[in-house]
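Reading through the structure tokens given below for one structure.
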Amino acid sequence: MLEARAHLQLKALLEREGLERWPHHLTLCRLVGRSLRRGDHTLIRLAAGSDPSWLIGLLVPLSLMGTSVALVVGESLRQRLLQREWPRLRAAGVDLRCWEGVQPAPETHLWLLSHRELLQVWRQGTLGSRQLVIPQAEQLQDRLRQAMALRIEPADWDSLRRALPQAEPSLLALHGRLGRRVLAQPRHPEHLVALAPEDEAPLRQLLALLTPLPDPWSAWLQASGSGWTSWAAVDPALLHWQLHRQPLAPLAELEGLLKGRGAVLVGELPRTPASSGRWRGGHGLGEGGLGLEAPVVVDLGDPPLADPIPLYCPVRQPLPNSPHYGDHLIDQCRRLVLAQAGLTVILIDDPVLRLGLVSSLAAEFGSRVSHACTAPEVNGVVCASWRWWLEHQERLPLPVQVVVALLPIASLEDPLTAARVASLRLQGGDWFRGLLLPEAINRLQRGVACLRRGGGRLAVLDGRLRGRDWGASVLAALEPWVQLSRLLPD
């Protein structure tokens, strides 16, 4: 059987290298081989912060698969595969033939696709019946959403007027109407303005009568229905604005992508009770949200830690909407940074609070403090958003402490988040415990997993962790941890 052959091949490779290895290599290899042989849907959940060397256990059964398989990877994982794991396989005598690009791959090759290329070949019908293997499944929805995203630039309005000169007066009027609607809104920290369906309706009705439409207008017109949402991004300096449109649940819009084909998804997905919801609308990270049908679900957790994470989280802290929260944040971060000889990472999504905190800490600690920097000093302090940290943490040294200034709960001021919440409300779901909380816990687990590998302490300065009943779910997701009651020096 495929899984037995893959097991023996990987075992020989690991014994040949003699390196300290991730404990689930052989289990992952057999699970992937079994799923490929059976052509079923399998979801393999890894512990947050799992050693990235797990990829080798995924590739060995793919190299032995007799029929063509498509491997859907992001750019960072593609680089690791081609620059590190592929040479390892070649050195061990494993013949893994990789095919890149949107031209159909030969049956004997592993077809490497980005998420955008996956959409393209599926829409063109050239994907065929190939099985899909998708690592980093926790990012699948976001990456598909970005691949399906549409953006209308100011220059696109000009190209539309030139293509349809007979409709120029109407287009100018509609552009002016949308512009007044966008620029009249109160200032958002990131200059985003949500647009309701009725704001776009006149433009959609006009374009539906006009053909042909230049790109990207034809795609924008087709992206219709309650499964999509729009917003405008304003450039306040130039008074320009871009029109953005994205799907709420990408896999729901791509109905049929996983139907009738085998699929293996591997990712650092949450295991908390809050994440057990399986909405068929696909808003969450559960099996239903990933579009899997009756999947085989396997958890590959890490062994229990000998030493729990030291957690500093005072019981009485102001809430983020308190007028005293900014001063509390600066004071606590100053105390946390004092006398630290290693890297400190401070995570906060609010751009106003983050930039204010960077300025205040830089005034005291000088060039040690940086904003979203991948080359900090040895004892540096890096302030960043959660998204930036999750994308770049592998490029930085392991921190000695991570300071969670704000829990990574998505803000309802974000138009996409607000639209997803509104959609879930219409379905009668618990939008906080069923959507925002499990996604926040997943980001938190992935963001602090570096402390489990290299040691260090975790500080949470968000008063909601102790002041809200759902904080117990967050603390349970951080287990094991030990409470730090005070900091020195005072």
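Residue numbers start at 1 in each chain; chains themselves are named A, B, ... in the order of the structure tokens; ligands are numbered from 1 in the order shown.
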Proximity of stretch 4-55 of chain A to stretch 136-148 of chain A: per-residue shortest pair, 12 Å limit, only C-alpha atoms, as JSON lines:
{"residue": "A:Thr42", "atom": "CA", "partner": "A:Ala137", "partner_atom": "CA", "distance": 11.5}
{"residue": "A:Leu43", "atom": "CA", "partner": "A:Ala137", "partner_atom": "CA", "distance": 8.7}
{"residue": "A:Ile44", "atom": "CA", "partner": "A:Ala137", "partner_atom": "CA", "distance": 9.1}
{"residue": "A:Arg45", "atom": "CA", "partner": "A:Ala137", "partner_atom": "CA", "distance": 8.8}
{"residue": "A:Leu46", "atom": "CA", "partner": "A:Gln136", "partner_atom": "CA", "distance": 9.6}
{"residue": "A:Ala47", "atom": "CA", "partner": "A:Glu138", "partner_atom": "CA", "distance": 11.5}
{"residue": "A:Ala48", "atom": "CA", "partner": "A:Glu138", "partner_atom": "CA", "distance": 10.3}
{"residue": "A:Gly49", "atom": "CA", "partner": "A:Gln136", "partner_atom": "CA", "distance": 11.5}
{"residue": "A:Ser50", "atom": "CA", "partner": "A:Gln136", "partner_atom": "CA", "distance": 11.2}
{"residue": "A:Pro52", "atom": "CA", "partner": "A:Gln136", "partner_atom": "CA", "distance": 10.5}
{"residue": "A:Trp54", "atom": "CA", "partner": "A:Gln136", "partner_atom": "CA", "distance": 11.3}
{"residue": "A:Leu55", "atom": "CA", "partner": "A:Gln136", "partner_atom": "CA", "distance": 10.3}
Exercise for the section: Identify all residues of stretch 289-382 of chain A in helix (DSSP H, G or I) (DSSP on the backbone) and supply them as a ChimeraX atom specification. Expected result: /A:325-337,351-368
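Residues in contact with stretch 394-407 of chain A at 8 Å, where only C-alpha atoms are counted and same-chain residues fewer than 3 positions away are skipped, are listed as Pro320, Leu329, Cys333, Gln340, Gly342, Leu343, Thr344, Val345, Ile346, Leu347, Ile348, Asp349, Thr374, Ala375, Glu391, Ala440, Leu444, Val448, Cys450, Leu451, Gly454, Gly455, Gly456, Arg457, Leu458, Ala459, Val460, Leu461 and Asp462 of chain A.
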Please produce an output containing N, CA and C atoms for each residue in the selection, written as a compact mmCIF listing (two decimals), in the first residue's frame.
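The resulting file, selection_28.txt, is shown below:
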# COMPACT_ATOMS: atom_id res chain seq x y z
N PRO A 320 -9.96 47.99 27.04
CA PRO A 320 -9.40 48.79 25.93
C PRO A 320 -10.18 50.06 25.63
N LEU A 329 -1.12 50.98 29.27
CA LEU A 329 -0.34 50.23 28.30
C LEU A 329 1.10 50.70 28.26
N CYS A 333 4.22 48.34 29.54
CA CYS A 333 5.24 47.97 28.54
C CYS A 333 6.61 48.47 28.95
N GLN A 340 15.53 43.74 30.01
CA GLN A 340 15.44 42.57 29.14
C GLN A 340 16.62 42.53 28.17
N GLY A 342 16.95 40.25 25.70
CA GLY A 342 16.58 39.67 24.42
C GLY A 342 15.48 40.46 23.74
N LEU A 343 14.92 39.86 22.71
CA LEU A 343 13.91 40.53 21.90
C LEU A 343 12.55 40.52 22.59
N THR A 344 11.90 41.67 22.57
CA THR A 344 10.52 41.81 23.05
C THR A 344 9.62 42.13 21.87
N VAL A 345 8.51 41.44 21.76
CA VAL A 345 7.53 41.68 20.70
C VAL A 345 6.23 42.15 21.35
N ILE A 346 5.74 43.31 20.92
CA ILE A 346 4.48 43.86 21.43
C ILE A 346 3.47 43.85 20.29
N LEU A 347 2.33 43.19 20.52
CA LEU A 347 1.35 42.97 19.46
C LEU A 347 0.08 43.76 19.75
N ILE A 348 -0.30 44.61 18.80
CA ILE A 348 -1.50 45.43 18.94
C ILE A 348 -1.99 45.82 17.56
N ASP A 349 -3.27 45.57 17.29
CA ASP A 349 -3.81 45.84 15.96
C ASP A 349 -4.26 47.28 15.78
N THR A 374 12.11 43.62 10.69
CA THR A 374 12.62 42.24 10.68
C THR A 374 14.11 42.16 11.01
N ALA A 375 14.74 43.30 11.32
CA ALA A 375 16.15 43.30 11.70
C ALA A 375 16.34 44.11 12.98
N GLU A 391 2.98 36.63 9.83
CA GLU A 391 3.61 36.46 8.52
C GLU A 391 5.13 36.49 8.59
N ALA A 440 -9.79 34.47 16.96
CA ALA A 440 -8.83 35.17 17.82
C ALA A 440 -7.97 34.19 18.60
N LEU A 444 -3.96 33.83 18.49
CA LEU A 444 -3.19 33.93 19.72
C LEU A 444 -2.29 32.71 19.91
N VAL A 448 1.94 33.07 19.92
CA VAL A 448 2.77 32.88 21.12
C VAL A 448 3.44 31.50 21.12
N CYS A 450 5.96 30.54 19.65
CA CYS A 450 7.42 30.66 19.71
C CYS A 450 7.94 30.56 21.13
N LEU A 451 7.12 30.94 22.12
CA LEU A 451 7.54 30.85 23.52
C LEU A 451 7.64 29.40 23.96
N GLY A 454 11.21 28.31 22.43
CA GLY A 454 12.43 28.92 22.92
C GLY A 454 12.38 29.42 24.34
N GLY A 455 11.27 29.20 25.05
CA GLY A 455 11.14 29.75 26.39
C GLY A 455 10.79 31.23 26.34
N GLY A 456 10.60 31.82 27.50
CA GLY A 456 10.22 33.22 27.58
C GLY A 456 8.85 33.35 28.21
N ARG A 457 8.48 34.60 28.47
CA ARG A 457 7.22 34.84 29.16
C ARG A 457 6.21 35.54 28.26
N LEU A 458 4.96 35.41 28.67
CA LEU A 458 3.86 36.03 27.95
C LEU A 458 3.18 37.02 28.88
N ALA A 459 2.92 38.21 28.38
CA ALA A 459 2.19 39.23 29.13
C ALA A 459 0.95 39.62 28.34
N VAL A 460 -0.19 39.62 28.99
CA VAL A 460 -1.45 40.03 28.37
C VAL A 460 -1.96 41.25 29.12
N LEU A 461 -2.04 42.39 28.44
CA LEU A 461 -2.42 43.65 29.07
C LEU A 461 -3.84 44.07 28.73
N ASP A 462 -4.60 43.18 28.13
CA ASP A 462 -5.98 43.44 27.76
C ASP A 462 -6.88 43.03 28.92
Tell me, as a compact mmCIF listing (two decimals) with N, CA and C atoms, in the first residue's frame, which residues lie within 12 Å of stretch 117-120 of chain A, counting only C-alpha atoms; anything in the same chain fewer than 3 positions away does not count.
# COMPACT_ATOMS: atom_id res chain seq x y z
N ALA A 70 -2.31 17.97 -7.04
CA ALA A 70 -2.01 19.40 -6.97
C ALA A 70 -1.75 19.79 -5.53
N LEU A 71 -0.61 20.42 -5.29
CA LEU A 71 -0.23 20.90 -3.97
C LEU A 71 -0.39 22.42 -3.96
N VAL A 72 -1.28 22.93 -3.11
CA VAL A 72 -1.60 24.36 -3.07
C VAL A 72 -0.85 24.98 -1.91
N VAL A 73 0.09 25.87 -2.20
CA VAL A 73 0.96 26.42 -1.16
C VAL A 73 1.08 27.93 -1.31
N GLY A 74 1.31 28.59 -0.17
CA GLY A 74 1.66 29.99 -0.19
C GLY A 74 3.11 30.18 -0.58
N GLU A 100 5.41 23.67 -12.16
CA GLU A 100 4.91 24.96 -11.71
C GLU A 100 4.20 25.68 -12.86
N GLY A 101 3.28 26.58 -12.51
CA GLY A 101 2.56 27.34 -13.51
C GLY A 101 1.16 26.79 -13.75
N VAL A 102 0.41 27.49 -14.61
CA VAL A 102 -1.00 27.13 -14.83
C VAL A 102 -1.19 26.17 -16.00
N GLN A 103 -0.14 25.89 -16.75
CA GLN A 103 -0.27 24.86 -17.79
C GLN A 103 -0.42 23.50 -17.13
N PRO A 104 -1.36 22.66 -17.61
CA PRO A 104 -1.61 21.38 -16.95
C PRO A 104 -0.35 20.54 -16.80
N TRP A 111 1.93 18.95 -9.07
CA TRP A 111 1.59 20.27 -9.61
C TRP A 111 1.56 21.28 -8.47
N LEU A 112 2.52 22.20 -8.47
CA LEU A 112 2.58 23.25 -7.45
C LEU A 112 1.74 24.43 -7.90
N LEU A 113 0.77 24.81 -7.09
CA LEU A 113 -0.13 25.91 -7.43
C LEU A 113 -0.23 26.89 -6.27
N SER A 114 -0.26 28.17 -6.59
CA SER A 114 -0.65 29.16 -5.60
C SER A 114 -2.17 29.16 -5.51
N ARG A 123 -11.37 27.25 -12.75
CA ARG A 123 -12.35 27.94 -13.60
C ARG A 123 -12.17 27.58 -15.07
N GLN A 124 -10.93 27.32 -15.48
CA GLN A 124 -10.67 26.95 -16.87
C GLN A 124 -10.99 25.49 -17.15
N GLY A 125 -11.20 24.71 -16.10
CA GLY A 125 -11.51 23.30 -16.28
C GLY A 125 -10.30 22.42 -16.49
N THR A 126 -9.09 22.96 -16.28
CA THR A 126 -7.88 22.17 -16.50
C THR A 126 -7.38 21.47 -15.24
N LEU A 127 -8.06 21.70 -14.11
CA LEU A 127 -7.66 21.01 -12.89
C LEU A 127 -8.02 19.53 -12.97
N GLY A 128 -9.06 19.23 -13.73
CA GLY A 128 -9.47 17.84 -13.90
C GLY A 128 -9.96 17.24 -12.60
N ARG A 130 -7.89 15.90 -10.34
CA ARG A 130 -6.73 15.77 -9.46
C ARG A 130 -7.12 15.97 -7.99
N LEU A 132 -6.37 17.27 -4.23
CA LEU A 132 -5.75 18.48 -3.72
C LEU A 132 -5.11 18.20 -2.37
N VAL A 133 -3.92 18.72 -2.18
CA VAL A 133 -3.25 18.69 -0.88
C VAL A 133 -2.97 20.14 -0.50
N ILE A 134 -3.53 20.57 0.64
CA ILE A 134 -3.48 21.98 1.02
C ILE A 134 -2.89 22.10 2.42
N LEU A 140 -6.42 29.07 4.62
CA LEU A 140 -7.06 28.80 3.33
C LEU A 140 -8.13 29.83 2.99
N ARG A 143 -6.57 33.29 2.20
CA ARG A 143 -5.81 33.33 0.95
C ARG A 143 -6.72 33.21 -0.27
N LEU A 144 -7.75 32.40 -0.16
CA LEU A 144 -8.71 32.34 -1.27
C LEU A 144 -9.45 33.66 -1.40
N ARG A 145 -9.77 34.27 -0.26
CA ARG A 145 -10.47 35.56 -0.30
C ARG A 145 -9.59 36.61 -0.99
N GLN A 146 -8.30 36.61 -0.67
CA GLN A 146 -7.39 37.55 -1.33
C GLN A 146 -7.26 37.23 -2.83
N ALA A 147 -7.26 35.96 -3.17
CA ALA A 147 -7.14 35.58 -4.59
C ALA A 147 -8.37 35.98 -5.38
N MET A 148 -9.54 35.99 -4.72
CA MET A 148 -10.79 36.34 -5.40
C MET A 148 -11.09 37.83 -5.30
N ALA A 149 -10.28 38.57 -4.55
CA ALA A 149 -10.58 39.99 -4.30
C ALA A 149 -10.52 40.80 -5.60
N PRO A 250 -15.21 32.31 0.93
CA PRO A 250 -14.73 31.95 -0.41
C PRO A 250 -15.14 30.56 -0.87
N LEU A 251 -15.04 29.56 0.01
CA LEU A 251 -15.36 28.20 -0.42
C LEU A 251 -16.84 28.03 -0.72
N GLU A 253 -18.53 30.34 -2.25
CA GLU A 253 -18.63 30.87 -3.60
C GLU A 253 -18.00 29.93 -4.63
N LEU A 254 -17.11 29.06 -4.17
CA LEU A 254 -16.44 28.11 -5.06
C LEU A 254 -17.05 26.73 -4.91
N GLU A 255 -18.35 26.68 -4.81
CA GLU A 255 -19.04 25.42 -4.61
C GLU A 255 -18.68 24.44 -5.73
N GLY A 256 -18.24 23.27 -5.30
CA GLY A 256 -17.84 22.25 -6.27
C GLY A 256 -16.34 22.08 -6.38
N LEU A 257 -15.55 22.98 -5.78
CA LEU A 257 -14.10 22.87 -5.88
C LEU A 257 -13.60 21.56 -5.27
N LEU A 258 -14.14 21.19 -4.10
CA LEU A 258 -13.69 19.97 -3.43
C LEU A 258 -14.62 18.79 -3.68
Stretch 321-352 of chain A residues near stretch 178-190 of chain A within 12 Å, closest pair each, using only C-alpha atoms, as a tab-separated table:
residue	atom	partner	partner_atom	distance
A:Asp349	CA	A:Pro189	CA	10.9
A:Asp350	CA	A:Pro189	CA	8.2
A:Pro351	CA	A:Pro189	CA	6.9
A:Val352	CA	A:Pro189	CA	7.1
Exercise for the section: Might you pull out every residue within 10 Å of A:Ala167, with only C-alpha atoms counted and same-chain residues fewer than 6 positions away left off, and present them as a PyMOL selection string? Expected result: chain A and resi 160-161+206-207+210
Problem - Counting only C-alpha atoms, the residue of A:Arg21, A:Arg151, A:Arg34, A:Arg16 that sits nearest A:Val296 - result: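 Nearest to A:Val296: A:Arg34.
Residues in contact with A:Arg443 at up to 10 Å, not including ones fewer than 4 positions away on its chain and judged by only C-alpha atoms, are Ala48, Glu138, Glu268, Leu269, Pro270, Trp386, Arg387, Leu390, Leu407, Pro408, Ile409, Leu437, Pro438, Glu439, Gly447, Val448 and Ala449 of chain A.
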Handout entry: Selection: 10 Å around A:Leu31, only C-alpha atoms, excl. self and same-chain fewer than 2 positions, as a ChimeraX atom specification
Key = /A:3,7,26-29,33-37,42-44,57-58,61,264,296,298
Store the residues picked out above, limited to N, CA and C atoms, as a JSON list (two decimals), in the first residue's frame.
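See part-v3.json below for the written result:
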[["chain", "number", "residue", "atom", "x", "y", "z"],
["A", 3, "GLU", "N", 0.69, 3.94, 1.85],
["A", 3, "GLU", "CA", 1.13, 4.43, 3.15],
["A", 3, "GLU", "C", 2.29, 3.61, 3.72],
["A", 7, "HIS", "N", 5.90, 5.15, 4.46],
["A", 7, "HIS", "CA", 6.43, 5.02, 5.82],
["A", 7, "HIS", "C", 7.89, 4.54, 5.79],
["A", 26, "LEU", "N", 6.21, 10.21, 10.88],
["A", 26, "LEU", "CA", 5.75, 8.95, 10.30],
["A", 26, "LEU", "C", 4.22, 8.86, 10.32],
["A", 27, "THR", "N", 3.61, 9.38, 11.39],
["A", 27, "THR", "CA", 2.14, 9.36, 11.47],
["A", 27, "THR", "C", 1.54, 10.23, 10.37],
["A", 28, "LEU", "N", 2.08, 11.42, 10.20],
["A", 28, "LEU", "CA", 1.59, 12.30, 9.14],
["A", 28, "LEU", "C", 1.76, 11.66, 7.77],
["A", 29, "CYS", "N", 2.91, 11.03, 7.56],
["A", 29, "CYS", "CA", 3.20, 10.38, 6.28],
["A", 29, "CYS", "C", 2.17, 9.29, 5.97],
["A", 33, "GLY", "N", -0.68, 9.33, 3.00],
["A", 33, "GLY", "CA", -0.69, 8.22, 2.04],
["A", 33, "GLY", "C", -2.04, 7.51, 2.00],
["A", 34, "ARG", "N", -2.63, 7.30, 3.18],
["A", 34, "ARG", "CA", -3.94, 6.64, 3.23],
["A", 34, "ARG", "C", -5.01, 7.47, 2.55],
["A", 35, "SER", "N", -5.00, 8.77, 2.80],
["A", 35, "SER", "CA", -6.01, 9.63, 2.19],
["A", 35, "SER", "C", -5.87, 9.68, 0.67],
["A", 36, "LEU", "N", -4.62, 9.76, 0.19],
["A", 36, "LEU", "CA", -4.40, 9.78, -1.25],
["A", 36, "LEU", "C", -4.85, 8.48, -1.90],
["A", 37, "ARG", "N", -4.61, 7.37, -1.23],
["A", 37, "ARG", "CA", -5.01, 6.06, -1.78],
["A", 37, "ARG", "C", -6.52, 5.94, -1.83],
["A", 42, "THR", "N", -9.58, 14.48, 4.21],
["A", 42, "THR", "CA", -8.89, 14.31, 5.48],
["A", 42, "THR", "C", -8.41, 15.66, 5.98],
["A", 43, "LEU", "N", -8.68, 15.92, 7.26],
["A", 43, "LEU", "CA", -8.22, 17.14, 7.91],
["A", 43, "LEU", "C", -7.26, 16.75, 9.03],
["A", 44, "ILE", "N", -6.01, 17.20, 8.93],
["A", 44, "ILE", "CA", -4.99, 16.89, 9.93],
["A", 44, "ILE", "C", -4.65, 18.18, 10.66],
["A", 57, "GLY", "N", 7.23, 15.02, 5.78],
["A", 57, "GLY", "CA", 6.31, 13.90, 5.91],
["A", 57, "GLY", "C", 5.13, 13.99, 4.96],
["A", 58, "LEU", "N", 4.84, 15.18, 4.47],
["A", 58, "LEU", "CA", 3.79, 15.38, 3.49],
["A", 58, "LEU", "C", 4.27, 15.06, 2.09],
["A", 61, "PRO", "N", 4.89, 10.77, 0.62],
["A", 61, "PRO", "CA", 3.81, 10.04, -0.08],
["A", 61, "PRO", "C", 3.41, 10.68, -1.40],
["A", 264, "VAL", "N", -6.63, 16.65, 1.03],
["A", 264, "VAL", "CA", -5.94, 16.54, 2.31],
["A", 264, "VAL", "C", -5.60, 17.95, 2.77],
["A", 296, "VAL", "N", -12.22, 12.78, 7.53],
["A", 296, "VAL", "CA", -11.47, 12.09, 8.58],
["A", 296, "VAL", "C", -10.64, 13.16, 9.28],
["A", 298, "VAL", "N", -7.96, 14.20, 12.26],
["A", 298, "VAL", "CA", -6.92, 13.65, 13.14],
["A", 298, "VAL", "C", -6.15, 14.82, 13.75]]
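What separates atom CA of A:Arg38 from atom CA of A:Leu292 is a distance of 15.1 Å.
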Fill in the blank from the handout: Expressed in Å, the length from atom CA of A:Thr229 to atom CA of A:Asp199 is 11.5 Å
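The space separating atom CA of A:Ser411 from atom CA of A:Tyr325 comes to 17.2 Å.
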Exercise for the section: Go through A:Ile309, A:His25, A:His240, A:Glu377 one by one, measure the shortest atom-to-atom distance of each to A:Arg452 using only C-alpha atoms, and give the residue with the smallest value. Expected result: A:Ile309
Handout entry: Counting only C-alpha atoms, the residue of A:Ala263, A:Leu487, A:Leu14, A:Ala233 that sits nearest A:Ala339
Key =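 Selected residue with least distance to A:Ala339: A:Leu487.
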